[in-house]
Amino acid sequence: MDTSTVTANGVEFTYLAQGEGPLALCLHGFPDTAHTWRHLLPELAGRGYRAVAPFMRGYAPTAIPADGAYEGGALIADACALHEALGGDGDAVLIGHDWGAFPVYGATAFAPERWRRAVAMAVPPTAAMSDVFLDYDQLKRSFYIFLFQTWAAEAAASRDGFIEGLWRDWAPGYDATEDVALVRRSLGDPANLAAAIGYYRAMLGSVPPTGRYAAEQAATGGQVPILYLHGTRDGALGIGLTERAAAFLPPGSRVEHVAEAGHFPHLERPREVNDLVLDWLS
């Protein structure tokens, strides 16, 4: 895989890339890096795509954004700007996991002409989670979101065992040694760790939105079909959160459960997930 940089939406992004053809933009989540797509990128390249996985804003070696924006609208604007900067056209596809799923829903609604099809993993549309997210068991799983609103967030997340614990709880039985080492490298600087936590602070409003991305933030619905994938053993967001997902996806979309996979199905069950994604995009 090639490693390159490109400036989009005022941020210098570092990205991994492989192949030639229509753009397949793959967006990672937390606590993760662009390397999470190491199984899918070669498969996309083999099917005639230019597969690109950027490190998200604030995740080294991508720059920390000068505007300090981490709201969902900023991520949508990043996806659309990367599409343009990387030479994408109407045959481009968008794939996102965890935080990367938010711009899948938003960018396909905000700029549907840019994307032919899309895939989201592990985080269903926000509207589908409104009730189940407040269940007691889910609140326990989501403790870190509330911790990240406090003064203790950076101190806790930087301690040995915290990132490891999230991976262990979210993906039972998966050996995340390599992935955790890559996360530690990306978020080892306190400024980068604060940026990653900033996504959560913007989500719950403890840091107010910048106001720069109001139109992107408001984008909902859309007509681009989305394949939604969720592991049956996901320890971060329980499988119950997917019960209403289909009702909040565009026409022609589909929901698939990945058996025996946790929160990172593309890493835990790469063959099954790759086949589902490639079949969907074909």
# chains A, B, ... in the order shown; residues from 1 in each chain; ligands from 1

call {"tool": "residues_around", "arguments": {"residues": "segment 245-253 of chain A", "least_positions_apart": "3", "cutoff": "6 Å", "atoms": "only C-alpha atoms", "output": "list in words"}}
result
Pro124, Ala128, Gly222, Gln223, Pro225, Ile226, Leu227 and Thr242 of chain A

call {"tool": "residues_around", "arguments": {"residues": "segment 103-113 of chain A", "least_positions_apart": "2", "cutoff": "6 Å", "atoms": "only C-alpha atoms", "output": "ChimeraX atom specification"}}
result
/A:75-76,90,100-101,115,219-222

call {"tool": "residues_around", "arguments": {"residues": "segment 188-200 of chain A", "least_positions_apart": "5", "cutoff": "7 Å", "atoms": "only C-alpha atoms", "output": "short mmCIF file (atom, residue, chain, number, x, y, z; two decimals) with N, CA and C atoms, in the first residue's frame"}}
result
data_model
loop_
_atom_site.label_atom_id
_atom_site.label_comp_id
_atom_site.auth_asym_id
_atom_site.auth_seq_id
_atom_site.Cartn_x
_atom_site.Cartn_y
_atom_site.Cartn_z
N GLY A 58 -7.29 14.78 13.16
CA GLY A 58 -6.75 14.72 14.51
C GLY A 58 -6.01 13.45 14.84
N TYR A 59 -6.14 12.40 14.01
CA TYR A 59 -5.44 11.14 14.22
C TYR A 59 -4.12 11.18 13.47
N ALA A 60 -3.00 11.24 14.19
CA ALA A 60 -1.69 11.29 13.53
C ALA A 60 -1.50 10.05 12.66
N ILE A 64 -3.97 17.88 13.14
CA ILE A 64 -5.03 18.35 14.02
C ILE A 64 -5.69 19.56 13.34
N TYR A 70 -15.02 19.02 15.56
CA TYR A 70 -15.15 17.56 15.56
C TYR A 70 -16.61 17.12 15.49
N GLU A 71 -17.51 18.07 15.24
CA GLU A 71 -18.91 17.69 15.11
C GLU A 71 -19.13 16.87 13.84
N ILE A 145 -18.23 7.15 26.82
CA ILE A 145 -18.76 8.36 26.18
C ILE A 145 -18.99 9.44 27.23
N PHE A 148 -15.72 10.72 28.73
CA PHE A 148 -15.03 11.63 27.82
C PHE A 148 -15.58 13.05 27.86
N GLU A 154 -8.74 12.53 29.28
CA GLU A 154 -7.41 12.31 28.71
C GLU A 154 -6.53 11.49 29.65
#

call {"tool": "atom_distance", "arguments": {"atom1": "atom CA of Trp99 of chain A", "atom2": "atom CA of Cys26 of chain A"}}
result
11.4 Å

call {"tool": "select_by_dssp", "arguments": {"residues": "segment 4-102 of chain A", "states": "strand (DSSP E)", "output": "number ranges by chain"}}
result
A: 4-8, 11-18, 23-27, 50-54, 92-97

call {"tool": "closest_residue", "arguments": {"among": "A:Asn9, A:Ser130, A:Thr177, A:Thr150", "to": "Cys80 of chain A", "atoms": "only C-alpha atoms"}}
result
A:Asn9

call {"tool": "select_by_dssp", "arguments": {"residues": "segment 100-214 of chain A", "states": "helix (DSSP H, G or I)", "output": "PyMOL selection string"}}
result
chain A and resi 100-110+112-114+126-129+132-134+136-141+143-147+153-157+162-170+177-186+190-204+214

call {"tool": "closest_atom_pairs", "arguments": {"of": "segment 82-196 of chain A", "to": "segment 38-42 of chain A", "cutoff": "12 Å", "atoms": "only C-alpha atoms", "output": "JSON lines"}}
result
{"residue": "A:Ile95", "atom": "CA", "partner": "A:Leu40", "partner_atom": "CA", "distance": 10.3}
{"residue": "A:Gly96", "atom": "CA", "partner": "A:Leu40", "partner_atom": "CA", "distance": 11.8}
{"residue": "A:Glu178", "atom": "CA", "partner": "A:Arg38", "partner_atom": "CA", "distance": 11.7}
{"residue": "A:Asp179", "atom": "CA", "partner": "A:Arg38", "partner_atom": "CA", "distance": 10.8}

call {"tool": "closest_residue", "arguments": {"among": "A:Gly29, A:Gly87, A:Pro54, A:Gly238", "to": "Glu12 of chain A", "atoms": "only C-alpha atoms"}}
result
A:Pro54

call {"tool": "decode", "arguments": {"residues": "segment 42-55 of chain A", "atoms": "all heavy atoms", "output": "PDB file, in the first residue's frame"}}
result
ATOM      1  N   PRO A  42      -6.975  -4.267  -0.183  1.00  0.00           N
ATOM      2  CA  PRO A  42      -6.496  -5.070  -1.328  1.00  0.00           C
ATOM      3  C   PRO A  42      -7.631  -5.705  -2.121  1.00  0.00           C
ATOM      4  O   PRO A  42      -7.537  -5.840  -3.352  1.00  0.00           O
ATOM      5  CB  PRO A  42      -5.612  -6.141  -0.670  1.00  0.00           C
ATOM      6  CG  PRO A  42      -5.257  -5.594   0.669  1.00  0.00           C
ATOM      7  CD  PRO A  42      -6.433  -4.763   1.091  1.00  0.00           C
ATOM      8  N   GLU A  43      -8.702  -6.098  -1.439  1.00  0.00           N
ATOM      9  CA  GLU A  43      -9.839  -6.702  -2.126  1.00  0.00           C
ATOM     10  C   GLU A  43     -10.544  -5.669  -3.008  1.00  0.00           C
ATOM     11  O   GLU A  43     -10.943  -5.969  -4.144  1.00  0.00           O
ATOM     12  CB  GLU A  43     -10.820  -7.266  -1.100  1.00  0.00           C
ATOM     13  CG  GLU A  43     -10.256  -8.371  -0.233  1.00  0.00           C
ATOM     14  CD  GLU A  43     -10.313  -9.726  -0.916  1.00  0.00           C
ATOM     15  OE1 GLU A  43     -11.039  -9.861  -1.913  1.00  0.00           O
ATOM     16  OE2 GLU A  43      -9.627 -10.645  -0.434  1.00  0.00           O
ATOM     17  N   LEU A  44     -10.710  -4.459  -2.506  1.00  0.00           N
ATOM     18  CA  LEU A  44     -11.306  -3.396  -3.309  1.00  0.00           C
ATOM     19  C   LEU A  44     -10.433  -3.075  -4.518  1.00  0.00           C
ATOM     20  O   LEU A  44     -10.938  -2.895  -5.632  1.00  0.00           O
ATOM     21  CB  LEU A  44     -11.501  -2.145  -2.455  1.00  0.00           C
ATOM     22  CG  LEU A  44     -12.587  -2.211  -1.381  1.00  0.00           C
ATOM     23  CD1 LEU A  44     -12.465  -1.037  -0.414  1.00  0.00           C
ATOM     24  CD2 LEU A  44     -13.984  -2.222  -2.010  1.00  0.00           C
ATOM     25  N   ALA A  45      -9.120  -3.006  -4.287  1.00  0.00           N
ATOM     26  CA  ALA A  45      -8.197  -2.738  -5.392  1.00  0.00           C
ATOM     27  C   ALA A  45      -8.295  -3.825  -6.449  1.00  0.00           C
ATOM     28  O   ALA A  45      -8.276  -3.547  -7.656  1.00  0.00           O
ATOM     29  CB  ALA A  45      -6.768  -2.626  -4.863  1.00  0.00           C
ATOM     30  N   GLY A  46      -8.421  -5.075  -5.997  1.00  0.00           N
ATOM     31  CA  GLY A  46      -8.532  -6.189  -6.926  1.00  0.00           C
ATOM     32  C   GLY A  46      -9.811  -6.171  -7.739  1.00  0.00           C
ATOM     33  O   GLY A  46      -9.881  -6.795  -8.807  1.00  0.00           O
ATOM     34  N   ARG A  47     -10.822  -5.460  -7.249  1.00  0.00           N
ATOM     35  CA  ARG A  47     -12.092  -5.335  -7.972  1.00  0.00           C
ATOM     36  C   ARG A  47     -12.156  -4.045  -8.799  1.00  0.00           C
ATOM     37  O   ARG A  47     -13.223  -3.671  -9.279  1.00  0.00           O
ATOM     38  CB  ARG A  47     -13.262  -5.374  -6.996  1.00  0.00           C
ATOM     39  CG  ARG A  47     -13.473  -6.724  -6.344  1.00  0.00           C
ATOM     40  CD  ARG A  47     -13.917  -7.790  -7.344  1.00  0.00           C
ATOM     41  NE  ARG A  47     -14.221  -9.048  -6.673  1.00  0.00           N
ATOM     42  CZ  ARG A  47     -15.437  -9.412  -6.284  1.00  0.00           C
ATOM     43  NH1 ARG A  47     -16.458  -8.617  -6.510  1.00  0.00           N
ATOM     44  NH2 ARG A  47     -15.629 -10.566  -5.678  1.00  0.00           N
ATOM     45  N   GLY A  48     -11.020  -3.366  -8.938  1.00  0.00           N
ATOM     46  CA  GLY A  48     -10.980  -2.213  -9.824  1.00  0.00           C
ATOM     47  C   GLY A  48     -11.277  -0.879  -9.193  1.00  0.00           C
ATOM     48  O   GLY A  48     -11.652   0.069  -9.896  1.00  0.00           O
ATOM     49  N   TYR A  49     -11.084  -0.758  -7.878  1.00  0.00           N
ATOM     50  CA  TYR A  49     -11.260   0.516  -7.193  1.00  0.00           C
ATOM     51  C   TYR A  49      -9.910   1.122  -6.810  1.00  0.00           C
ATOM     52  O   TYR A  49      -8.922   0.396  -6.632  1.00  0.00           O
ATOM     53  CB  TYR A  49     -12.073   0.334  -5.903  1.00  0.00           C
ATOM     54  CG  TYR A  49     -13.534   0.048  -6.129  1.00  0.00           C
ATOM     55  CD1 TYR A  49     -14.018  -1.255  -6.136  1.00  0.00           C
ATOM     56  CD2 TYR A  49     -14.445   1.089  -6.329  1.00  0.00           C
ATOM     57  CE1 TYR A  49     -15.367  -1.526  -6.340  1.00  0.00           C
ATOM     58  CE2 TYR A  49     -15.792   0.826  -6.529  1.00  0.00           C
ATOM     59  CZ  TYR A  49     -16.247  -0.484  -6.540  1.00  0.00           C
ATOM     60  OH  TYR A  49     -17.572  -0.735  -6.744  1.00  0.00           O
ATOM     61  N   ARG A  50      -9.902   2.429  -6.662  1.00  0.00           N
ATOM     62  CA  ARG A  50      -8.800   3.089  -5.973  1.00  0.00           C
ATOM     63  C   ARG A  50      -9.221   3.177  -4.511  1.00  0.00           C
ATOM     64  O   ARG A  50     -10.027   4.037  -4.128  1.00  0.00           O
ATOM     65  CB  ARG A  50      -8.530   4.479  -6.525  1.00  0.00           C
ATOM     66  CG  ARG A  50      -7.322   5.138  -5.864  1.00  0.00           C
ATOM     67  CD  ARG A  50      -7.145   6.577  -6.268  1.00  0.00           C
ATOM     68  NE  ARG A  50      -5.952   7.148  -5.663  1.00  0.00           N
ATOM     69  CZ  ARG A  50      -5.718   8.446  -5.536  1.00  0.00           C
ATOM     70  NH1 ARG A  50      -6.602   9.335  -5.993  1.00  0.00           N
ATOM     71  NH2 ARG A  50      -4.612   8.872  -4.963  1.00  0.00           N
ATOM     72  N   ALA A  51      -8.733   2.246  -3.714  1.00  0.00           N
ATOM     73  CA  ALA A  51      -9.142   2.139  -2.317  1.00  0.00           C
ATOM     74  C   ALA A  51      -8.270   3.050  -1.467  1.00  0.00           C
ATOM     75  O   ALA A  51      -7.051   2.923  -1.467  1.00  0.00           O
ATOM     76  CB  ALA A  51      -9.014   0.697  -1.848  1.00  0.00           C
ATOM     77  N   VAL A  52      -8.908   3.960  -0.734  1.00  0.00           N
ATOM     78  CA  VAL A  52      -8.195   4.969   0.053  1.00  0.00           C
ATOM     79  C   VAL A  52      -8.731   4.967   1.485  1.00  0.00           C
ATOM     80  O   VAL A  52      -9.947   5.036   1.696  1.00  0.00           O
ATOM     81  CB  VAL A  52      -8.358   6.372  -0.567  1.00  0.00           C
ATOM     82  CG1 VAL A  52      -7.708   7.431   0.326  1.00  0.00           C
ATOM     83  CG2 VAL A  52      -7.765   6.416  -1.969  1.00  0.00           C
ATOM     84  N   ALA A  53      -7.815   4.897   2.448  1.00  0.00           N
ATOM     85  CA  ALA A  53      -8.188   4.941   3.870  1.00  0.00           C
ATOM     86  C   ALA A  53      -7.408   6.061   4.546  1.00  0.00           C
ATOM     87  O   ALA A  53      -6.223   5.902   4.848  1.00  0.00           O
ATOM     88  CB  ALA A  53      -7.892   3.603   4.540  1.00  0.00           C
ATOM     89  N   PRO A  54      -8.036   7.209   4.780  1.00  0.00           N
ATOM     90  CA  PRO A  54      -7.344   8.297   5.475  1.00  0.00           C
ATOM     91  C   PRO A  54      -7.352   8.095   6.987  1.00  0.00           C
ATOM     92  O   PRO A  54      -8.249   7.457   7.536  1.00  0.00           O
ATOM     93  CB  PRO A  54      -8.172   9.528   5.098  1.00  0.00           C
ATOM     94  CG  PRO A  54      -9.555   8.982   4.896  1.00  0.00           C
ATOM     95  CD  PRO A  54      -9.382   7.584   4.340  1.00  0.00           C
ATOM     96  N   PHE A  55      -6.348   8.629   7.645  1.00  0.00           N
ATOM     97  CA  PHE A  55      -6.411   8.811   9.086  1.00  0.00           C
ATOM     98  C   PHE A  55      -7.338  10.007   9.316  1.00  0.00           C
ATOM     99  O   PHE A  55      -7.144  11.077   8.743  1.00  0.00           O
ATOM    100  CB  PHE A  55      -5.020   9.096   9.660  1.00  0.00           C
ATOM    101  CG  PHE A  55      -4.085   7.912   9.601  1.00  0.00           C
ATOM    102  CD1 PHE A  55      -3.416   7.596   8.415  1.00  0.00           C
ATOM    103  CD2 PHE A  55      -3.874   7.117  10.715  1.00  0.00           C
ATOM    104  CE1 PHE A  55      -2.556   6.510   8.353  1.00  0.00           C
ATOM    105  CE2 PHE A  55      -3.020   6.020  10.655  1.00  0.00           C
ATOM    106  CZ  PHE A  55      -2.356   5.715   9.472  1.00  0.00           C
TER     107      PHE A  55
END
